[in-house]
$ cat query.txt   # compact mmCIF, C-alpha atoms
# COMPACT_ATOMS: atom_id res chain seq x y z
CA MET A 183 303.01 -3.31 194.09
CA PRO A 184 304.85 -5.63 196.53
CA ASP A 185 303.28 -8.71 198.08
CA VAL A 186 300.98 -7.44 200.84
CA THR A 187 301.95 -10.16 203.34
CA HIS A 188 305.63 -9.42 202.81
CA ALA A 189 305.03 -5.65 203.08
CA ILE A 190 303.13 -6.05 206.35
CA ALA A 191 305.91 -8.32 207.67
CA ILE A 192 308.50 -5.63 206.86
CA VAL A 193 306.46 -2.97 208.67
CA LEU A 194 306.07 -5.21 211.76
CA ALA A 195 309.77 -6.08 211.67
CA PHE A 196 310.76 -2.42 211.37
CA THR A 197 308.49 -1.53 214.30
CA ALA A 198 310.15 -4.18 216.48
CA ALA A 199 313.64 -3.22 215.29
CA ILE A 200 313.18 0.51 215.97
CA SER A 201 311.62 -0.15 219.38
CA ILE A 202 314.48 -2.35 220.60
CA HIS A 203 317.04 -0.05 218.97
CA GLU A 204 315.86 3.15 220.65
CA PHE A 205 315.11 1.42 223.97
CA SER A 206 318.70 0.13 224.00
CA HIS A 207 320.07 3.65 223.50
CA ALA A 208 317.95 4.83 226.43
CA ALA A 209 318.92 1.89 228.64
CA ALA A 210 322.64 2.32 227.90
CA ALA A 211 322.47 6.05 228.67
CA TYR A 212 320.60 5.40 231.93
CA ALA A 213 323.13 2.74 232.94
CA LEU A 214 325.94 5.27 232.41
CA GLY A 215 324.30 7.96 234.52
CA ASP A 216 322.13 10.00 232.13
CA SER A 217 318.42 9.84 232.98
CA THR A 218 317.31 12.26 230.24
CA ALA A 219 315.81 9.52 228.08
CA LYS A 220 314.14 7.89 231.08
CA HIS A 221 312.44 11.15 232.04
CA ALA A 222 311.32 11.55 228.42
CA GLY A 223 309.57 8.16 228.59
CA ARG A 224 312.00 6.46 226.22
CA LEU A 225 313.11 3.70 228.60
CA SER A 226 310.30 1.58 227.18
CA LEU A 227 309.69 -1.10 224.57
CA ASN A 228 306.37 0.50 223.65
CA PRO A 229 306.66 1.30 219.90
CA ILE A 230 304.50 4.41 220.32
CA ARG A 231 307.30 5.94 222.40
CA HIS A 232 309.83 5.49 219.61
CA LEU A 233 308.12 5.72 216.21
CA ASP A 234 308.44 9.06 214.46
CA PRO A 235 305.23 10.03 212.57
CA LEU A 236 307.02 11.27 209.43
CA GLY A 237 309.63 8.50 209.49
CA SER A 238 306.88 5.90 209.86
CA LEU A 239 304.79 7.43 207.06
CA LEU A 240 307.77 7.43 204.70
CA LEU A 241 308.48 3.80 205.60
CA LEU A 242 304.92 2.82 204.67
CA ILE A 243 305.26 4.66 201.35
CA ILE A 244 308.60 2.96 200.65
CA VAL A 245 307.38 -0.52 201.56
CA PHE A 246 304.07 -0.38 199.71
CA THR A 247 305.22 1.53 196.60
CA GLY A 248 308.89 0.59 196.26
CA ALA A 249 309.88 4.29 196.17
CA PRO A 250 313.45 5.17 197.29
CA GLY A 251 313.95 6.63 200.74
CA ILE A 252 314.44 5.76 204.40
CA GLY A 253 312.30 5.50 207.53
CA TRP A 254 313.42 6.35 211.03
CA GLY A 255 312.42 6.48 214.68
CA LYS A 256 312.60 9.34 217.18
CA PRO A 257 316.18 10.05 218.26
CA VAL A 258 316.76 9.31 221.95
CA PRO A 259 317.77 12.44 223.90
CA VAL A 260 321.18 12.00 225.54
CA GLN A 261 323.31 14.51 227.45
CA PRO A 262 326.92 13.32 226.88
CA TRP A 263 328.28 15.37 229.80
CA HIS A 264 326.07 13.36 232.17
CA LEU A 265 327.55 10.06 231.02
CA ARG A 266 330.38 8.32 232.81
CA GLY A 267 333.31 8.39 230.43
CA GLN A 268 331.59 11.08 228.33
CA ARG A 269 333.17 10.49 224.88
CA ARG A 270 333.66 6.77 225.48
CA GLY A 271 330.30 6.62 227.20
CA MET A 272 328.63 8.21 224.20
CA ALA A 273 330.29 5.62 221.98
CA PHE A 274 328.80 2.86 224.15
CA VAL A 275 325.34 4.45 224.03
CA SER A 276 325.58 4.79 220.25
CA ALA A 277 326.71 1.20 219.77
CA ALA A 278 323.89 -0.13 221.96
CA GLY A 279 321.24 0.55 219.30
CA PRO A 280 322.67 -1.41 216.35
CA ALA A 281 324.09 -4.04 218.72
CA SER A 282 320.55 -4.70 219.97
CA ASN A 283 319.42 -5.24 216.37
CA VAL A 284 322.21 -7.76 215.88
CA LEU A 285 321.11 -9.56 219.05
CA LEU A 286 317.45 -9.58 217.98
CA ALA A 287 318.43 -11.03 214.60
CA VAL A 288 320.51 -13.73 216.31
CA MET A 289 317.65 -14.64 218.66
CA THR A 290 315.10 -14.78 215.84
CA LEU A 291 317.30 -16.86 213.56
CA SER A 292 318.15 -19.20 216.45
CA ALA A 293 314.46 -19.69 217.25
CA ASP A 294 313.65 -20.35 213.60
CA SER A 295 316.54 -22.84 213.29
CA LEU A 296 315.53 -24.69 216.46
CA LEU A 297 311.91 -24.97 215.35
CA SER A 298 313.08 -26.30 212.01
CA ALA A 299 315.47 -28.76 213.66
CA TYR A 300 312.63 -30.21 215.74
CA ASP A 301 310.29 -30.27 212.73
CA VAL A 302 307.86 -27.79 214.26
CA PRO A 303 305.62 -26.61 211.42
CA LEU A 304 305.06 -22.88 211.09
CA PRO A 305 302.41 -21.14 208.98
CA GLN A 306 303.81 -19.34 205.97
CA TRP A 307 302.84 -15.91 207.30
CA LEU A 308 304.86 -16.51 210.47
CA GLU A 309 307.87 -17.70 208.46
CA THR A 310 307.59 -14.48 206.44
CA ILE A 311 307.57 -12.34 209.59
CA LEU A 312 310.55 -14.18 211.12
CA SER A 313 312.52 -13.79 207.89
CA ALA A 314 311.63 -10.09 207.76
CA ILE A 315 312.75 -9.57 211.37
CA ILE A 316 316.13 -11.13 210.60
CA THR A 317 316.67 -9.18 207.38
CA VAL A 318 315.43 -5.82 208.70
CA ASN A 319 317.53 -6.02 211.87
CA ILE A 320 320.68 -6.96 209.97
CA SER A 321 320.07 -4.13 207.51
CA LEU A 322 319.28 -1.58 210.23
CA ALA A 323 322.39 -2.51 212.21
CA ALA A 324 324.64 -2.29 209.13
CA PHE A 325 323.10 1.04 208.09
CA ASN A 326 323.53 2.56 211.55
CA PHE A 327 327.15 1.46 211.79
CA LEU A 328 328.00 3.81 208.90
CA PRO A 329 330.25 6.57 210.33
CA LEU A 330 328.03 9.37 209.02
CA PRO A 331 326.00 11.81 211.12
CA PRO A 332 323.31 11.48 212.31
CA LEU A 333 323.86 7.70 212.34
CA ASP A 334 325.15 5.81 215.37
CA GLY A 335 328.37 4.86 213.64
CA PHE A 336 329.46 8.50 213.62
CA ALA A 337 329.23 8.96 217.41
CA LEU A 338 330.76 5.50 217.86
CA ALA A 339 333.74 6.47 215.70
CA ILE A 340 334.13 9.80 217.51
CA GLY A 341 334.20 7.93 220.81
CA ILE A 342 336.75 5.25 219.97
CA LEU A 343 339.16 7.12 217.68
CA PRO A 344 342.19 8.95 219.10
CA GLN A 345 341.28 12.50 220.03
CA ARG A 346 342.96 14.18 217.04
CA ALA A 347 341.34 11.81 214.55
CA ALA A 348 338.01 12.20 216.34
CA MET A 349 338.22 15.99 216.06
CA THR A 350 338.99 15.74 212.35
CA LEU A 351 335.99 13.47 211.81
CA ALA A 352 333.77 15.75 213.92
CA SER A 353 334.60 18.66 211.61
CA VAL A 354 332.62 17.05 208.77
CA GLU A 355 329.48 16.61 210.88
CA ARG A 356 327.59 19.40 209.10
CA TYR A 357 327.97 17.60 205.76
CA GLY A 358 326.76 14.22 207.03
CA PRO A 359 323.01 14.56 206.37
CA GLY A 360 323.66 15.78 202.84
CA ILE A 361 326.02 12.90 202.11
CA LEU A 362 323.51 10.47 203.56
CA LEU A 363 320.70 11.82 201.37
CA LEU A 364 322.94 11.60 198.31
CA LEU A 365 323.66 7.94 199.09
CA VAL A 366 319.97 7.16 199.56
CA PHE A 367 318.74 8.92 196.41
CA ALA A 368 321.75 8.23 194.17
CA PRO A 369 319.87 5.61 192.11
CA SER A 370 317.33 8.28 191.11
CA ILE A 371 319.98 10.95 190.48
CA ILE A 372 322.97 9.22 188.91
CA ARG A 373 321.58 5.69 188.35
CA ILE A 374 324.14 4.16 190.70
CA ASP A 375 323.15 2.56 194.00
CA LEU A 376 325.92 4.13 196.08
CA LEU A 377 324.29 3.14 199.37
CA SER A 378 324.37 -0.56 198.50
CA ILE A 379 328.02 -0.26 197.46
CA VAL A 380 328.98 1.48 200.72
CA LEU A 381 326.85 -0.85 202.87
CA LYS A 382 327.95 -4.13 201.29
CA PRO A 383 331.00 -4.76 203.53
CA LEU A 384 329.11 -3.73 206.67
CA PHE A 385 326.08 -5.82 205.73
CA SER A 386 328.33 -8.83 205.03
CA ALA A 387 330.09 -8.43 208.38
CA VAL A 388 326.85 -8.08 210.38
CA ASN A 389 325.26 -10.94 208.44
CA ALA A 390 328.24 -13.20 209.24
CA ILE A 391 328.09 -12.29 212.95
CA VAL A 392 324.35 -13.02 213.09
CA TYR A 393 324.65 -16.40 211.38
CA LEU A 394 327.69 -17.37 213.45
CA GLY A 395 325.89 -16.35 216.64
CA ALA A 396 322.73 -18.21 215.70
CA THR A 397 324.71 -21.30 214.80
CA LEU A 398 326.39 -21.25 218.21
CA VAL A 399 323.11 -20.69 220.08
CA THR A 400 321.38 -23.45 218.12
CA TYR A 401 324.24 -25.87 218.82
CA LEU A 402 324.17 -25.11 222.55
CA LEU A 403 320.39 -25.47 222.87
CA ARG A 404 319.89 -28.64 220.80
$ encode --input "query.txt" --output "structure tokens"
Amino acid sequence: MPDVTHAIAIVLAFTAAISIHEFSHAAAAYALGDSTAKHAGRLSLNPIRHLDPLGSLLLLIIVFTGAPGIGWGKPVPVQPWHLRGQRRGMAFVSAAGPASNVLLAVMTLSADSLLSAYDVPLPQWLETILSAIITVNISLAAFNFLPLPPLDGFALAIGILPQRAAMTLASVERYGPGILLLLVFAPSIIRIDLLSIVLKPLFSAVNAIVYLGATLVTYLLR
């Protein structure tokens, strides 16, 4: 059984991360001319608008039991043909979600660094929550940058690759969910954590961007 304080911090961090992630998809789509998400009530930071009941339940089970699996939020409805730029527009909308998680991680780490620099004492529970927000947002961004459907990285890759390469990648869309499930549950099936292996370079890249960004923000604000 994990530490309860840490588990609660992870749940709170995931709630914040999913809310900003899905809101950013909706905001990007609206900015590019598609109001579908706005009409569906998704242009909001209210977590209730974005949390999926099953995805949230599975997250609680994972966090409090340590069982393998993933949690998720409600996908934001987007009509690509309504977007300016269509394929490129969809890439921008897809990138907005994980990019917002990177930004939230940078802002949280910057705030924590500034408080530490000015010797502002924080209670341990708050330090735990701030640390969880940073870690969860880095992890969520890295995970969503994977070019596998239904993750954001897939639509992003489709949007920025040359058309022929994009069409080739699109042809494997039907296999994406199965591949993703295999990656998630590989430790239980073949005793190899394939997801960690695949995510390691992405996690390292996002982590470096977050720490570089926070260092710059901290320097400018001190």
$ residues_around --input "query.txt" --residues "range 332-347 of chain A" --least-positions-apart "5" --cutoff "8 Å" --atoms "all atoms listed in the file" --output "VMD selection string"
chain A and resid 269 to 274 276 to 277 279 to 280 325 to 327 352 358 to 359
$ axis_aligned_box --input "query.txt" --around "range 384-402 of chain A" --padding-each-side "8 Å" --output "JSON"
{"center_x": 325.7, "center_y": -14.8, "center_z": 213.8, "size_x": 24.7, "size_y": 38.1, "size_z": 33.5}
$ closest_residue --input "query.txt" --among "A:Pro259, A:Ile252, A:Ser321, A:Leu297" --to "Leu363 in chain A" --atoms "all atoms listed in the file"
A:Ile252
$ atom_distance --input "query.txt" --atom1 "CA of Ser353 in chain A" --atom2 "CA of Asp234 in chain A"
28.0 Å
$ residues_near_point --input "query.txt" --point "(310.7, 3.7, 220.7)" --cutoff "6 Å" --atoms "all atoms listed in the file" --output "list in words"
Ser201, Glu204, Phe205, Pro229, Arg231, His232 and Leu233 of chain A
$ atom_distance --input "query.txt" --atom1 "CA of Ile192 in chain A" --atom2 "CA of Pro250 in chain A"
15.3 Å
$ residues_near_point --input "query.txt" --point "(307.4, -0.4, 202.2)" --cutoff "10 Å" --atoms "all atoms listed in the file" --output "number ranges by chain"
A: 183-184, 186, 188-193, 196, 238-253
$ closest_residue --input "query.txt" --among "A:Val275, A:Thr187, A:Asp216, A:Ala293" --to "Ile311 in chain A" --atoms "only C-alpha atoms"
A:Thr187
$ residues_around --input "query.txt" --residues "Ala281 in chain A" --least-positions-apart "3" --cutoff "9 Å" --atoms "all atoms listed in the file" --output "CSV table (one decimal) with C-alpha atoms, keeping the file's coordinate frame"
chain,number,residue,atom,x,y,z
A,203,HIS,CA,317.0,0.0,219.0
A,206,SER,CA,318.7,0.1,224.0
A,277,ALA,CA,326.7,1.2,219.8
A,278,ALA,CA,323.9,-0.1,222.0
A,284,VAL,CA,322.2,-7.8,215.9
A,285,LEU,CA,321.1,-9.6,219.0
A,286,LEU,CA,317.4,-9.6,218.0
A,323,ALA,CA,322.4,-2.5,212.2
$ atom_distance --input "query.txt" --atom1 "CA of Ala314 in chain A" --atom2 "CA of Asn389 in chain A"
13.7 Å
$ closest_residue --input "query.txt" --among "A:Gln268, A:Tyr401, A:Gln306, A:Ser313" --to "Ala287 in chain A" --atoms "only C-alpha atoms"
A:Ser313
$ residues_around --input "query.txt" --residues "Ala396 in chain A" --least-positions-apart "6" --cutoff "7 Å" --atoms "all atoms listed in the file" --output "PDB file with C-alpha atoms, in the coordinates of the input"
ATOM      1  CA  VAL A 288     320.510 -13.730 216.310  1.00  0.00           C
ATOM      2  CA  MET A 289     317.650 -14.640 218.660  1.00  0.00           C
ATOM      3  CA  LEU A 291     317.300 -16.860 213.560  1.00  0.00           C
ATOM      4  CA  SER A 292     318.150 -19.200 216.450  1.00  0.00           C
TER       5      SER A 292
END
$ decode --input "query.txt" --residues "range 391-403 of chain A" --atoms "all heavy atoms" --output "PDB file, in the first residue's frame"
ATOM      1  N   ILE A 391      13.513  19.856 -20.925  1.00  0.00           N
ATOM      2  CA  ILE A 391      12.844  21.101 -21.318  1.00  0.00           C
ATOM      3  C   ILE A 391      12.234  21.795 -20.098  1.00  0.00           C
ATOM      4  O   ILE A 391      12.345  23.008 -19.929  1.00  0.00           O
ATOM      5  CB  ILE A 391      11.760  20.817 -22.367  1.00  0.00           C
ATOM      6  CG1 ILE A 391      12.407  20.399 -23.689  1.00  0.00           C
ATOM      7  CG2 ILE A 391      10.861  22.038 -22.578  1.00  0.00           C
ATOM      8  CD1 ILE A 391      11.423  19.863 -24.713  1.00  0.00           C
ATOM      9  N   VAL A 392      11.599  20.999 -19.232  1.00  0.00           N
ATOM     10  CA  VAL A 392      10.967  21.558 -18.034  1.00  0.00           C
ATOM     11  C   VAL A 392      12.010  22.185 -17.119  1.00  0.00           C
ATOM     12  O   VAL A 392      11.831  23.326 -16.644  1.00  0.00           O
ATOM     13  CB  VAL A 392      10.169  20.474 -17.284  1.00  0.00           C
ATOM     14  CG1 VAL A 392       9.768  20.957 -15.887  1.00  0.00           C
ATOM     15  CG2 VAL A 392       8.924  20.088 -18.080  1.00  0.00           C
ATOM     16  N   TYR A 393      13.105  21.486 -16.871  1.00  0.00           N
ATOM     17  CA  TYR A 393      14.114  22.016 -15.954  1.00  0.00           C
ATOM     18  C   TYR A 393      14.858  23.204 -16.561  1.00  0.00           C
ATOM     19  O   TYR A 393      15.213  24.151 -15.841  1.00  0.00           O
ATOM     20  CB  TYR A 393      15.074  20.904 -15.526  1.00  0.00           C
ATOM     21  CG  TYR A 393      14.505  20.096 -14.389  1.00  0.00           C
ATOM     22  CD1 TYR A 393      13.607  19.059 -14.628  1.00  0.00           C
ATOM     23  CD2 TYR A 393      14.810  20.403 -13.064  1.00  0.00           C
ATOM     24  CE1 TYR A 393      13.043  18.340 -13.583  1.00  0.00           C
ATOM     25  CE2 TYR A 393      14.258  19.694 -12.019  1.00  0.00           C
ATOM     26  CZ  TYR A 393      13.372  18.663 -12.286  1.00  0.00           C
ATOM     27  OH  TYR A 393      12.808  17.969 -11.243  1.00  0.00           O
ATOM     28  N   LEU A 394      15.059  23.172 -17.868  1.00  0.00           N
ATOM     29  CA  LEU A 394      15.685  24.328 -18.530  1.00  0.00           C
ATOM     30  C   LEU A 394      14.753  25.533 -18.467  1.00  0.00           C
ATOM     31  O   LEU A 394      15.177  26.656 -18.152  1.00  0.00           O
ATOM     32  CB  LEU A 394      16.005  23.984 -19.983  1.00  0.00           C
ATOM     33  CG  LEU A 394      16.662  25.093 -20.817  1.00  0.00           C
ATOM     34  CD1 LEU A 394      18.010  25.490 -20.208  1.00  0.00           C
ATOM     35  CD2 LEU A 394      16.841  24.643 -22.265  1.00  0.00           C
ATOM     36  N   GLY A 395      13.472  25.306 -18.745  1.00  0.00           N
ATOM     37  CA  GLY A 395      12.498  26.387 -18.692  1.00  0.00           C
ATOM     38  C   GLY A 395      12.367  26.972 -17.299  1.00  0.00           C
ATOM     39  O   GLY A 395      12.315  28.199 -17.124  1.00  0.00           O
ATOM     40  N   ALA A 396      12.319  26.103 -16.295  1.00  0.00           N
ATOM     41  CA  ALA A 396      12.187  26.579 -14.918  1.00  0.00           C
ATOM     42  C   ALA A 396      13.434  27.341 -14.469  1.00  0.00           C
ATOM     43  O   ALA A 396      13.336  28.339 -13.744  1.00  0.00           O
ATOM     44  CB  ALA A 396      11.933  25.395 -13.993  1.00  0.00           C
ATOM     45  N   THR A 397      14.575  26.872 -14.915  1.00  0.00           N
ATOM     46  CA  THR A 397      15.820  27.573 -14.575  1.00  0.00           C
ATOM     47  C   THR A 397      15.819  28.980 -15.153  1.00  0.00           C
ATOM     48  O   THR A 397      16.204  29.950 -14.486  1.00  0.00           O
ATOM     49  CB  THR A 397      17.039  26.790 -15.115  1.00  0.00           C
ATOM     50  OG1 THR A 397      17.070  25.489 -14.513  1.00  0.00           O
ATOM     51  CG2 THR A 397      18.337  27.519 -14.798  1.00  0.00           C
ATOM     52  N   LEU A 398      15.356  29.103 -16.398  1.00  0.00           N
ATOM     53  CA  LEU A 398      15.300  30.416 -17.048  1.00  0.00           C
ATOM     54  C   LEU A 398      14.299  31.322 -16.349  1.00  0.00           C
ATOM     55  O   LEU A 398      14.589  32.505 -16.078  1.00  0.00           O
ATOM     56  CB  LEU A 398      14.915  30.235 -18.521  1.00  0.00           C
ATOM     57  CG  LEU A 398      14.783  31.518 -19.346  1.00  0.00           C
ATOM     58  CD1 LEU A 398      16.102  32.286 -19.356  1.00  0.00           C
ATOM     59  CD2 LEU A 398      14.339  31.191 -20.771  1.00  0.00           C
ATOM     60  N   VAL A 399      13.116  30.800 -16.040  1.00  0.00           N
ATOM     61  CA  VAL A 399      12.091  31.606 -15.368  1.00  0.00           C
ATOM     62  C   VAL A 399      12.577  32.060 -13.999  1.00  0.00           C
ATOM     63  O   VAL A 399      12.424  33.223 -13.608  1.00  0.00           O
ATOM     64  CB  VAL A 399      10.781  30.796 -15.233  1.00  0.00           C
ATOM     65  CG1 VAL A 399       9.786  31.545 -14.337  1.00  0.00           C
ATOM     66  CG2 VAL A 399      10.166  30.553 -16.596  1.00  0.00           C
ATOM     67  N   THR A 400      13.187  31.147 -13.259  1.00  0.00           N
ATOM     68  CA  THR A 400      13.691  31.468 -11.930  1.00  0.00           C
ATOM     69  C   THR A 400      14.765  32.564 -11.995  1.00  0.00           C
ATOM     70  O   THR A 400      14.790  33.494 -11.194  1.00  0.00           O
ATOM     71  CB  THR A 400      14.271  30.213 -11.247  1.00  0.00           C
ATOM     72  OG1 THR A 400      13.264  29.195 -11.206  1.00  0.00           O
ATOM     73  CG2 THR A 400      14.722  30.518  -9.829  1.00  0.00           C
ATOM     74  N   TYR A 401      15.645  32.432 -12.980  1.00  0.00           N
ATOM     75  CA  TYR A 401      16.713  33.438 -13.156  1.00  0.00           C
ATOM     76  C   TYR A 401      16.128  34.814 -13.453  1.00  0.00           C
ATOM     77  O   TYR A 401      16.573  35.837 -12.916  1.00  0.00           O
ATOM     78  CB  TYR A 401      17.635  32.989 -14.284  1.00  0.00           C
ATOM     79  CG  TYR A 401      18.682  34.015 -14.666  1.00  0.00           C
ATOM     80  CD1 TYR A 401      19.819  34.196 -13.876  1.00  0.00           C
ATOM     81  CD2 TYR A 401      18.515  34.819 -15.798  1.00  0.00           C
ATOM     82  CE1 TYR A 401      20.769  35.155 -14.210  1.00  0.00           C
ATOM     83  CE2 TYR A 401      19.450  35.766 -16.148  1.00  0.00           C
ATOM     84  CZ  TYR A 401      20.586  35.935 -15.356  1.00  0.00           C
ATOM     85  OH  TYR A 401      21.518  36.880 -15.668  1.00  0.00           O
ATOM     86  N   LEU A 402      15.101  34.851 -14.321  1.00  0.00           N
ATOM     87  CA  LEU A 402      14.517  36.129 -14.721  1.00  0.00           C
ATOM     88  C   LEU A 402      13.733  36.800 -13.601  1.00  0.00           C
ATOM     89  O   LEU A 402      13.634  38.024 -13.532  1.00  0.00           O
ATOM     90  CB  LEU A 402      13.592  35.919 -15.940  1.00  0.00           C
ATOM     91  CG  LEU A 402      14.296  35.516 -17.246  1.00  0.00           C
ATOM     92  CD1 LEU A 402      13.255  35.206 -18.314  1.00  0.00           C
ATOM     93  CD2 LEU A 402      15.234  36.631 -17.724  1.00  0.00           C
ATOM     94  N   LEU A 403      13.134  35.981 -12.704  1.00  0.00           N
ATOM     95  CA  LEU A 403      12.290  36.524 -11.654  1.00  0.00           C
ATOM     96  C   LEU A 403      13.018  36.802 -10.341  1.00  0.00           C
ATOM     97  O   LEU A 403      12.462  37.425  -9.440  1.00  0.00           O
ATOM     98  CB  LEU A 403      11.123  35.571 -11.398  1.00  0.00           C
ATOM     99  CG  LEU A 403      10.115  35.414 -12.537  1.00  0.00           C
ATOM    100  CD1 LEU A 403       9.011  34.437 -12.154  1.00  0.00           C
ATOM    101  CD2 LEU A 403       9.522  36.771 -12.930  1.00  0.00           C
TER     102      LEU A 403
END
